[in-house]
Each structure stands twice: as C-alpha cells, then as structure tokens.
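These notes are about the structure you will find just below.
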Amino acid sequence: MNKAIITVVGKDTVGIIAKICTYLAENSINILDISQTIVEEYFNMMMIVDVSNSKKVFGDTVTDLNLIGEEIGVNIHCQKEEIFTKMHRI
Amino acid sequence: MINIFEVNETNNMIEQEKLDVRTITMGISLLDCCDSNLEVVKEKIYQKITTNAKDLVKVGEEIELEYGIPIVNKRISITPISLIGASCCQTVEDYVELAKTLDRAAKQVGVNFLGGYSALVSKGMTPSEELLIRSIPQALAETDRVCSSVNVGSTKTGIDMDAVRLCGQIVKETAERTADHDSLGCAKLVIFCNAPDDNPFMAGAFHGVTEGDIIINVGVSGPGVVKHALEEARGADFSVLCETIKKTAFKITRVGQLVAQEASRRLGVPFGIIDLSLAPTPAVGDSVAEILEEIGLEMVGAPGTTAALAMLNDQVKKGGIMASSYVGGLSGAFIPVSEDQGMIDAVTAGALTIEKLEAMTCVCSVGLDMIAIPGDTSASTIAGIIADEAAIGMVNQKTTAVRVIPVIGKGVGETAEFGGLLGYAPIIPVNTKSCEAFISRKGRIPAPIHSFKN
C-alpha cells in the first residue's frame, strides 16, 4: 500500500468532499479513512488514501488537487504519508 | 494510524512556523580531476559536476512537491580546490580560471551556490595553497555562485598565524573588490578553525578528503518551530524547557532524514549526514534571537544570553542525534547577524556588541557570522578577530568561524544591504586599539595541551 494524506482547510461550503471524492474515484485512488471538524465555520478535513493504483503520477495528483482547491476556494494539500509518520512515530 | 492533530501540527510547522529543509547539498570529490594541464582540469571538473549533479535540482523539486516540505536550496560542495589546483595552477589567474569553471558548472546544473573554493592550512601553507588564498578576492569578485573558505587552525594542529595574517588581508581585499555592492564578496568567504568535512551549509561547505566520491548531505532548519513550541512552555522550569526543545529538534530532524533518504535513493548517491542547524532568515518569526528572547531575555545580548544559547545549542543536538543515526556537519544554533531580524534589532538598539557575539560563539554551533564592520577596519584588526575566534575553537574543540564584512565606504551607524537570504546589517563598532605587532609575528600557535590524547 502506498498511502498519502489529503488535508482540506477553508471556509465551509457545499460539495467540498463530493468534488474531491469524484476526482479520487476517477483516478482510482482509494479512500481509507476520513476525519473532519468544523471550527468557527472553518472546514478542516483529513483523508488517508491509497495511491498504489492511481492512474496519475503522484506529483500530478498533488497539483490537480491544489487546482481543485483553488476552484472551490479552500486549501487542499496532498502529501505522502511518511512525512507525518516519520515526524510523529519513533 | 496518523491522526488529524498530528497532520495539522506538521502542516502548521511548515506553513506558519517556516519549517524547511534549508539545503540538499551534493558533495562531489574532484580528486580524480587532477592533471598538469589547466585546460584538461577545467574540462574534467566541468564534466564531473554537470554529470553527477544534473538531476539534483529536479529531484529536490519532486520531493518538495510530493511531501509538501519546502526545500529552499540545492547546492554543491567540492574537494578543497587547492588540492586540485596544486597539479596545474602556477598563478593567481590560473586559480581564478578554475573558479570561473566552477561558476559555469553551478549555473549549468541550476544550484544557487557551490562551496569548496577552499584551502585547509591549519598547520602550514604549501605554495599552491597560498596562491589559492591570494586568488580569493578576484575569484569572488568575478564569479556569482562560488563560495570560499579557509581553515586556519584546529585543536590537533594549533593555529597557522601566517594564514591568519594573510586571511585578514584577503577579507579586506575581497571587500574592496566588491565595494560597489556593500562588499558582498565577504559574505561568500568563511575563515574556519576545526572546519567539518561534511557541512552542507554555505558559505563554508566543502567536500572533505575523508569523504567518498559523491554524497548527499542535508541541512534542516526551523527556528520558528522551536520558538512556537517554547511559547507553550512559558514560565516552566528548565527540565520542561529542555524537553520541549529536544522534542522539537527531534521532529525537525526526522523530516530531514526522510528528505535525505529520498534524495539519496532517487539520485543513486549515498546519504552522508543530516545537519540540524537552527539557521535563521531575515523573515519575521524565523529567528534564533527570538528563541533566546522567548526563553526569557528582554533582548538578545542581555546578561544570560550566553547561558541560554549554550542550553539551546545542546538541546538541539541531543534531540537531533536521537532522530538520525548520522548527524554531522555543524548541527546546533547559528547566530548570524544580518540574516536574523532579532539580532539586527539588538545590534541597532545597542544591546548586542561584537564582544558579546564573540562570547556567544563559545557555545553556538559556529562563530562570528555575517557581521558588518566599519570599512576602515585594518587588515591586522580583522586578522586579530580571526585569531580570537580560532583560539576559541582550538581550545574548546569546536568549530568556529569568521564571516565579517568590512563595508567599504561605510561606518558605524550606517547599514549594509546584501539582499535575499543574506539580509541587511547595521555596522557594528570594532575595538580600534591595534594588534598589529601581535599579528605580524611569524609562525604558528602550538596545539593546546589537551589535544595530546594519543
């Protein structure tokens, strides 16, 4: 399995998750876990996804998701999981 | 499994607190480029650098994109060039030719600095090494990306005072040759004692002769992250303070380790070391001075500064060493003036003097760094500053260095502008009493008694 973490931060609006999930489905990226909170109207979501069967190279997925974020007015980051596991797990 | 709080913590470090990988530095040995013909050497050097480092910038950018961590600089360090030039350089101009070749190679592969226009002369200078040192002012004035360093002493060998005297003149001459740009050339010249072979940070990086053919070293930074973590520990005792710094240093170093391993794998080049150095930039919130102030000083330079810095430097090393098996280079806290807004403010307010900075270099990771001094400071006074720093390094078995900029045409109260990451600096007063007779003595200062451990 080849995991990545997608984070979304921004003002809450209709269809944020739908838009991202559509993109992920189209590119065969499997969602493993989703958690989200809303703090003072700010949407804060994290997804753990498996990109091992992705149709795109990872760098393109990062760029695509950034662009989707710009379209709907939120910040979307997609990063390989290791940066978090290395930092927070011994 | 990783949770949303941990993910947010990492991303806040990157976005709000300016955590970054400061540099991926590829060390390249040029020992196999020696030849008696200068043109052949130039060609071999150009080919070796441009072949081995051709993907360095691209790979750096890929890692940056995939992990979401900024990698600010991609750089190259090379074998001290005096060792290569000894085979073919007969004049100062020959060495300058090599500098221009290095500059061309650096531009071709897209790195912003290349370090190693250097000589290691801690016990004595060969004629070729002296020639190289004498070529530094012209080389730095006529190239853009080449960085230079000279190691004038070590705990094992003592201090080569002939080299110290010469370096005082060379710093002054470098300043004069780049007088149009506030003597910027001096920002690319470091005079060391106990220089490490594997330092990835400029301007003092070179690829030591003890290293392999090609290697990847990574320098990580993050003063803003430490500052932020310490805000949570206000009023706490020293054990909590130390624990907080160690934990933060650990986290930062782990990111460096990841980037280093990835870069090493993708480039097919062995991984050397991680250098965890709190390296400030002029950006607000990216300052070592602010960490010291957060620890409890009204302004850096106040009594207590040296003790606070000693503790910070030690805790950074302890946290970093736990996070990577190969920690090296300089690892600790840098205290440059022009690159740190808190230091600049303290100098401007008169709270921080060059003498206090010298005391701080006894416990920081390097030495007097990016300090603008009056343009009329004599070569012998600069040599005196170098000798003092080298003595601190020699006796304390640590790396020390001098990167001072005598700003030609400017004096105390004026400001030197270097631009970009190099920042700007108010010109600091220097003691004007002469050390000419001391510096004029020939020979070397012997190694200290505690270096005899055999």
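For the structure tokens, the naming scheme is as follows: chains receive sequential letters (A, B, ...) according to their order of presentation, residues are indexed from 1 within each chain, and ligands are indexed from 1 in presentation order.
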
Enumerate the residues of stretch 27-199 of chain B with a DSSP assignment of alpha helix (DSSP H), computed from the backbone, and present them as a VMD selection string. chain B and resid 38 to 52 56 to 67 81 to 85 92 to 109 127 to 142 161 to 177

Counting only C-alpha atoms, collect the residues of chain A whose closest atom lies at most 6 Å from chain B, and write them out as a list in words. Gly59, Gln79, Lys80, Lys86 and Met87 of chain A

Show which residues sit within 12 Å of stretch 41-46 of chain A, as an NGL selection string. Count only C-alpha atoms, and ignore same-chain residues fewer than 3 positions away. (:A and (4-17 or 20 or 31-38 or 49 or 73-79 or 81)) or (:B and (2-8 or 11))

Can you tell me which residues surround B:Gly301 at a distance of at most 8 Å, considering only C-alpha atoms, apart from same-chain residues fewer than 6 positions away, and format the answer as JSON, numbers by chain? {"B": [346, 351, 352, 353, 356, 357]}

Provide the atom CA of B:Arg177 to atom CA of B:Val404 distance in Å, to one decimal place. 15.0 Å

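Atom CA of B:Pro200 is positioned 23.2 Å from atom CA of B:Gly285.
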
B:Gln261 environment, 9 Å, only C-alpha atoms, sequence neighbours closer than 6 positions dropped, as a compact mmCIF listing (two decimals) with C-alpha atoms, in the first residue's frame:
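Output file out.txt is given in full below:
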```
# COMPACT_ATOMS: atom_id res chain seq x y z
CA ILE B 216 24.22 13.72 -0.22
CA PRO B 270 24.93 7.51 -0.77
CA PHE B 271 23.49 9.51 2.14
```

Got a sec to tell me which of stretch 79-275 of chain B DSSP assigns to strand (DSSP E), as an NGL selection string? :B and (113-120 or 146-154 or 158-160 or 189-193 or 214-221 or 271-275)

Dump of C-alpha atoms for the selected residues, as a PDB file, in the first residue's frame:
```pdb
ATOM      1  CA  PHE B 113      25.844  28.143  -4.507  1.00  0.00           C
ATOM      2  CA  LEU B 114      28.870  25.913  -4.899  1.00  0.00           C
ATOM      3  CA  GLY B 115      31.271  25.690  -1.957  1.00  0.00           C
ATOM      4  CA  GLY B 116      34.816  24.434  -1.817  1.00  0.00           C
ATOM      5  CA  TYR B 117      36.964  27.180  -3.307  1.00  0.00           C
ATOM      6  CA  SER B 118      38.947  26.384  -0.214  1.00  0.00           C
ATOM      7  CA  ALA B 119      42.252  25.576   1.401  1.00  0.00           C
ATOM      8  CA  LEU B 120      42.954  23.628   4.584  1.00  0.00           C
ATOM      9  CA  VAL B 146      31.282  30.218  -5.885  1.00  0.00           C
ATOM     10  CA  CYS B 147      31.832  30.210  -2.099  1.00  0.00           C
ATOM     11  CA  SER B 148      35.196  30.112  -0.432  1.00  0.00           C
ATOM     12  CA  SER B 149      36.605  29.053   2.907  1.00  0.00           C
ATOM     13  CA  VAL B 150      39.981  28.698   4.574  1.00  0.00           C
ATOM     14  CA  ASN B 151      40.654  26.516   7.609  1.00  0.00           C
ATOM     15  CA  VAL B 152      43.435  28.222   9.562  1.00  0.00           C
ATOM     16  CA  GLY B 153      43.558  26.131  12.700  1.00  0.00           C
ATOM     17  CA  SER B 154      42.459  23.041  14.603  1.00  0.00           C
ATOM     18  CA  GLY B 158      47.193  24.708  16.581  1.00  0.00           C
ATOM     19  CA  ILE B 159      46.720  27.916  14.594  1.00  0.00           C
ATOM     20  CA  ASP B 160      48.696  28.869  11.494  1.00  0.00           C
ATOM     21  CA  LEU B 189      34.120  33.830   2.429  1.00  0.00           C
ATOM     22  CA  VAL B 190      34.471  31.987   5.746  1.00  0.00           C
ATOM     23  CA  ILE B 191      37.649  31.593   7.811  1.00  0.00           C
ATOM     24  CA  PHE B 192      37.393  28.435   9.952  1.00  0.00           C
ATOM     25  CA  CYS B 193      39.015  26.643  12.832  1.00  0.00           C
ATOM     26  CA  ILE B 214      29.727  11.555  -4.249  1.00  0.00           C
ATOM     27  CA  ILE B 215      27.479  12.044  -1.253  1.00  0.00           C
ATOM     28  CA  ILE B 216      24.217  13.719  -0.225  1.00  0.00           C
ATOM     29  CA  ASN B 217      24.146  15.848   2.919  1.00  0.00           C
ATOM     30  CA  VAL B 218      21.021  17.613   4.096  1.00  0.00           C
ATOM     31  CA  GLY B 219      20.688  20.718   6.231  1.00  0.00           C
ATOM     32  CA  VAL B 220      17.418  21.228   8.101  1.00  0.00           C
ATOM     33  CA  SER B 221      16.285  24.399   9.764  1.00  0.00           C
ATOM     34  CA  PHE B 271      23.486   9.505   2.137  1.00  0.00           C
ATOM     35  CA  GLY B 272      26.092  11.250   4.285  1.00  0.00           C
ATOM     36  CA  ILE B 273      24.744  13.222   7.200  1.00  0.00           C
ATOM     37  CA  ILE B 274      21.902  15.375   8.454  1.00  0.00           C
ATOM     38  CA  ASP B 275      22.931  18.758   9.760  1.00  0.00           C
TER      39      ASP B 275
END
```

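Residue neighbourhood of B:Val41, excluding near-sequence residues (fewer than 5 positions): Cys33, Cys34, Asp35, Ser36, Tyr46, Ile84, Gly85, Ser87, Cys88 and Leu98 of chain B, at 9 Å, using only C-alpha atoms.
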
Neighbours of A:Glu26 within 12 Å (only C-alpha atoms; same-chain residues fewer than 6 positions away dropped), as a PyMOL selection string? chain A and resi 19-20+53-56+61

Of the listed residues B:Leu38, B:Ile245, B:Leu56, B:Ile382, that which approaches B:Glu232 most closely, counting only C-alpha atoms: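 That would be B:Ile245, the residue with the smallest distance to B:Glu232.
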
Report, in Å to a single decimal, how far apart atom CA of B:Val366 and atom CA of B:Leu297 are.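 Separation of atom CA of B:Leu297 and atom CA of B:Val366: 21.5 Å.
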